[in-house]
Amino acid sequence: QVQLVESGGGLVQAGGSLRLSCAASGRTLSSYHMGWFRQAPGKERDFVAAINWSGVSTYYAGSVKGRFTISRDNAKNTVFLQMNSLKPEDTAIYYCAARRRGVGGNRWYGLFVHEYDTWGQGTQVTVSS
């Protein structure tokens, strides 16, 4: 099973940028589709973005589309989330998650927590106004 470790979170002013990384170990990352979720205090964990195993296809939540970009480097076993034009409402703990290829229904990306097999520990992102 793959293990995931996020990094790159921090404190940034509104309008600024951050780049999150998710490093995988234990199994090759190309066996998985990958996703980013976030959880604000007192709220549920919400989908942010997903990327398929090869990096060809991506999918975003409406609230981040056009501002965030998900990418991956399978050779380095790492997934990235570039976050631009950050807003205070983007403040949350950000988690990366792995979803095995070939599971699920007629879509490769998972939108819900239960659709992913493995999670990282999260990294805090705080956007000040």
# chains A, B, ... in the order shown; residues from 1 in each chain; ligands from 1

$ residues_around --residues "Val127 of chain A" --least-positions-apart "4" --cutoff "12 Å" --atoms "only C-alpha atoms" --output "list of chain:residue names"
A:Gly9, A:Gly10, A:Leu11, A:Val12, A:Gln13, A:Ala14, A:Gly15, A:Gly16, A:Ser17, A:Leu18, A:Ala40, A:Met83, A:Asn84, A:Ser85, A:Leu86, A:Lys87, A:Pro88, A:Glu89, A:Asp90, A:Thr91, A:Ala92, A:Ile93

$ closest_atom_pairs --of "segment 73-128 of chain A" --to "segment 54-57 of chain A" --cutoff "10 Å" --atoms "only C-alpha atoms" --output "Markdown table"
| residue | atom | partner | partner_atom | distance |
| --- | --- | --- | --- | --- |
| A:Asp73 | CA | A:Gly55 | CA | 8.1 |
| A:Asn74 | CA | A:Ser54 | CA | 7.9 |
| A:Val79 | CA | A:Gly55 | CA | 9.6 |
| A:Trp108 | CA | A:Ser57 | CA | 9.3 |
| A:Tyr109 | CA | A:Ser57 | CA | 9.3 |

$ write_last_selection --atoms "C-alpha atoms" --output "PDB file, in the first residue's frame"
ATOM      1  CA  ASP A  73       5.469  13.547 -11.636  1.00  0.00           C
ATOM      2  CA  ASN A  74       5.279   9.764 -11.556  1.00  0.00           C
ATOM      3  CA  VAL A  79       1.668  15.054  -6.819  1.00  0.00           C
ATOM      4  CA  TRP A 108     -11.944   7.686 -12.937  1.00  0.00           C
ATOM      5  CA  TYR A 109     -12.038  10.517 -10.402  1.00  0.00           C
TER       6      TYR A 109
END

$ select_by_dssp --residues "segment 20-116 of chain A" --states "helix (DSSP H, G or I)" --output "MDAnalysis selection string"
chainID A and resid 29:31 74:76 88:90 113:115

$ write_last_selection --atoms "C-alpha atoms" --output "PDB file, in the first residue's frame"
ATOM      1  CA  LEU A  29       2.279   6.276  -7.826  1.00  0.00           C
ATOM      2  CA  SER A  30       1.256   5.365 -11.366  1.00  0.00           C
ATOM      3  CA  SER A  31      -0.967   2.652  -9.883  1.00  0.00           C
ATOM      4  CA  ASN A  74       5.279   9.764 -11.556  1.00  0.00           C
ATOM      5  CA  ALA A  75       9.048   9.440 -11.929  1.00  0.00           C
ATOM      6  CA  LYS A  76       9.407  11.326  -8.639  1.00  0.00           C
ATOM      7  CA  PRO A  88      -9.484  33.534   3.033  1.00  0.00           C
ATOM      8  CA  GLU A  89     -12.134  30.896   2.345  1.00  0.00           C
ATOM      9  CA  ASP A  90      -9.401  28.595   1.044  1.00  0.00           C
ATOM     10  CA  VAL A 113     -13.838  10.586   0.883  1.00  0.00           C
ATOM     11  CA  HIS A 114     -14.946   6.951   0.721  1.00  0.00           C
ATOM     12  CA  GLU A 115     -13.791   6.673  -2.892  1.00  0.00           C
TER      13      GLU A 115
END

$ residues_around --residues "Leu111 of chain A" --least-positions-apart "3" --cutoff "10 Å" --atoms "only C-alpha atoms" --output "VMD selection string"
chain A and resid 35 to 37 46 to 50 59 to 61 107 to 108 114 to 116

$ select_by_dssp --residues "chain A" --states "strand (DSSP E)" --output "PyMOL selection string"
chain A and resi 3-7+10-13+18-25+32-39+45-51+58-60+68-73+78-83+92-100+118-119+123-128

$ decode --residues "segment 2-19 of chain A" --atoms "N, CA, C and O atoms" --output "PDB file, in the first residue's frame"
ATOM      1  N   VAL A   2       0.400   2.276  -0.643  1.00  0.00           N
ATOM      2  CA  VAL A   2       1.161   3.509  -0.745  1.00  0.00           C
ATOM      3  C   VAL A   2       1.005   4.340   0.526  1.00  0.00           C
ATOM      4  O   VAL A   2      -0.040   4.302   1.185  1.00  0.00           O
ATOM      5  N   GLN A   3       2.051   5.047   0.898  1.00  0.00           N
ATOM      6  CA  GLN A   3       2.003   6.016   1.992  1.00  0.00           C
ATOM      7  C   GLN A   3       2.184   7.410   1.402  1.00  0.00           C
ATOM      8  O   GLN A   3       2.965   7.599   0.459  1.00  0.00           O
ATOM      9  N   LEU A   4       1.468   8.379   1.989  1.00  0.00           N
ATOM     10  CA  LEU A   4       1.451   9.738   1.436  1.00  0.00           C
ATOM     11  C   LEU A   4       1.849  10.755   2.502  1.00  0.00           C
ATOM     12  O   LEU A   4       1.381  10.668   3.644  1.00  0.00           O
ATOM     13  N   VAL A   5       2.675  11.726   2.112  1.00  0.00           N
ATOM     14  CA  VAL A   5       3.080  12.790   3.027  1.00  0.00           C
ATOM     15  C   VAL A   5       2.970  14.129   2.301  1.00  0.00           C
ATOM     16  O   VAL A   5       3.644  14.346   1.279  1.00  0.00           O
ATOM     17  N   GLU A   6       2.120  15.020   2.839  1.00  0.00           N
ATOM     18  CA  GLU A   6       1.948  16.346   2.245  1.00  0.00           C
ATOM     19  C   GLU A   6       2.940  17.342   2.846  1.00  0.00           C
ATOM     20  O   GLU A   6       3.368  17.189   3.993  1.00  0.00           O
ATOM     21  N   SER A   7       3.243  18.361   2.065  1.00  0.00           N
ATOM     22  CA  SER A   7       4.087  19.459   2.542  1.00  0.00           C
ATOM     23  C   SER A   7       3.776  20.701   1.723  1.00  0.00           C
ATOM     24  O   SER A   7       3.076  20.619   0.701  1.00  0.00           O
ATOM     25  N   GLY A   8       4.284  21.850   2.195  1.00  0.00           N
ATOM     26  CA  GLY A   8       4.135  23.080   1.428  1.00  0.00           C
ATOM     27  C   GLY A   8       3.098  24.044   1.947  1.00  0.00           C
ATOM     28  O   GLY A   8       2.944  25.147   1.411  1.00  0.00           O
ATOM     29  N   GLY A   9       2.359  23.639   2.975  1.00  0.00           N
ATOM     30  CA  GLY A   9       1.369  24.543   3.538  1.00  0.00           C
ATOM     31  C   GLY A   9       2.021  25.696   4.284  1.00  0.00           C
ATOM     32  O   GLY A   9       3.237  25.714   4.500  1.00  0.00           O
ATOM     33  N   GLY A  10       1.201  26.669   4.668  1.00  0.00           N
ATOM     34  CA  GLY A  10       1.725  27.805   5.402  1.00  0.00           C
ATOM     35  C   GLY A  10       0.728  28.933   5.466  1.00  0.00           C
ATOM     36  O   GLY A  10      -0.456  28.751   5.163  1.00  0.00           O
ATOM     37  N   LEU A  11       1.227  30.101   5.874  1.00  0.00           N
ATOM     38  CA  LEU A  11       0.417  31.308   5.985  1.00  0.00           C
ATOM     39  C   LEU A  11       0.730  32.223   4.806  1.00  0.00           C
ATOM     40  O   LEU A  11       1.900  32.486   4.521  1.00  0.00           O
ATOM     41  N   VAL A  12      -0.316  32.689   4.142  1.00  0.00           N
ATOM     42  CA  VAL A  12      -0.143  33.548   2.978  1.00  0.00           C
ATOM     43  C   VAL A  12      -1.243  34.594   2.963  1.00  0.00           C
ATOM     44  O   VAL A  12      -2.337  34.352   3.483  1.00  0.00           O
ATOM     45  N   GLN A  13      -0.951  35.754   2.404  1.00  0.00           N
ATOM     46  CA  GLN A  13      -1.969  36.788   2.294  1.00  0.00           C
ATOM     47  C   GLN A  13      -2.900  36.505   1.130  1.00  0.00           C
ATOM     48  O   GLN A  13      -2.534  35.814   0.168  1.00  0.00           O
ATOM     49  N   ALA A  14      -4.095  37.036   1.223  1.00  0.00           N
ATOM     50  CA  ALA A  14      -5.059  36.897   0.136  1.00  0.00           C
ATOM     51  C   ALA A  14      -4.453  37.410  -1.163  1.00  0.00           C
ATOM     52  O   ALA A  14      -3.773  38.438  -1.181  1.00  0.00           O
ATOM     53  N   GLY A  15      -4.686  36.643  -2.233  1.00  0.00           N
ATOM     54  CA  GLY A  15      -4.102  36.965  -3.527  1.00  0.00           C
ATOM     55  C   GLY A  15      -2.771  36.291  -3.784  1.00  0.00           C
ATOM     56  O   GLY A  15      -2.276  36.308  -4.913  1.00  0.00           O
ATOM     57  N   GLY A  16      -2.207  35.699  -2.754  1.00  0.00           N
ATOM     58  CA  GLY A  16      -0.920  35.028  -2.876  1.00  0.00           C
ATOM     59  C   GLY A  16      -1.032  33.619  -3.411  1.00  0.00           C
ATOM     60  O   GLY A  16      -2.116  33.161  -3.799  1.00  0.00           O
ATOM     61  N   SER A  17       0.111  32.938  -3.426  1.00  0.00           N
ATOM     62  CA  SER A  17       0.184  31.589  -3.991  1.00  0.00           C
ATOM     63  C   SER A  17       0.921  30.650  -3.048  1.00  0.00           C
ATOM     64  O   SER A  17       1.775  31.077  -2.259  1.00  0.00           O
ATOM     65  N   LEU A  18       0.578  29.374  -3.139  1.00  0.00           N
ATOM     66  CA  LEU A  18       1.289  28.302  -2.455  1.00  0.00           C
ATOM     67  C   LEU A  18       1.318  27.095  -3.376  1.00  0.00           C
ATOM     68  O   LEU A  18       0.402  26.906  -4.192  1.00  0.00           O
ATOM     69  N   ARG A  19       2.347  26.271  -3.208  1.00  0.00           N
ATOM     70  CA  ARG A  19       2.419  25.014  -3.943  1.00  0.00           C
ATOM     71  C   ARG A  19       2.551  23.880  -2.951  1.00  0.00           C
ATOM     72  O   ARG A  19       3.543  23.794  -2.221  1.00  0.00           O
TER      73      ARG A  19
END
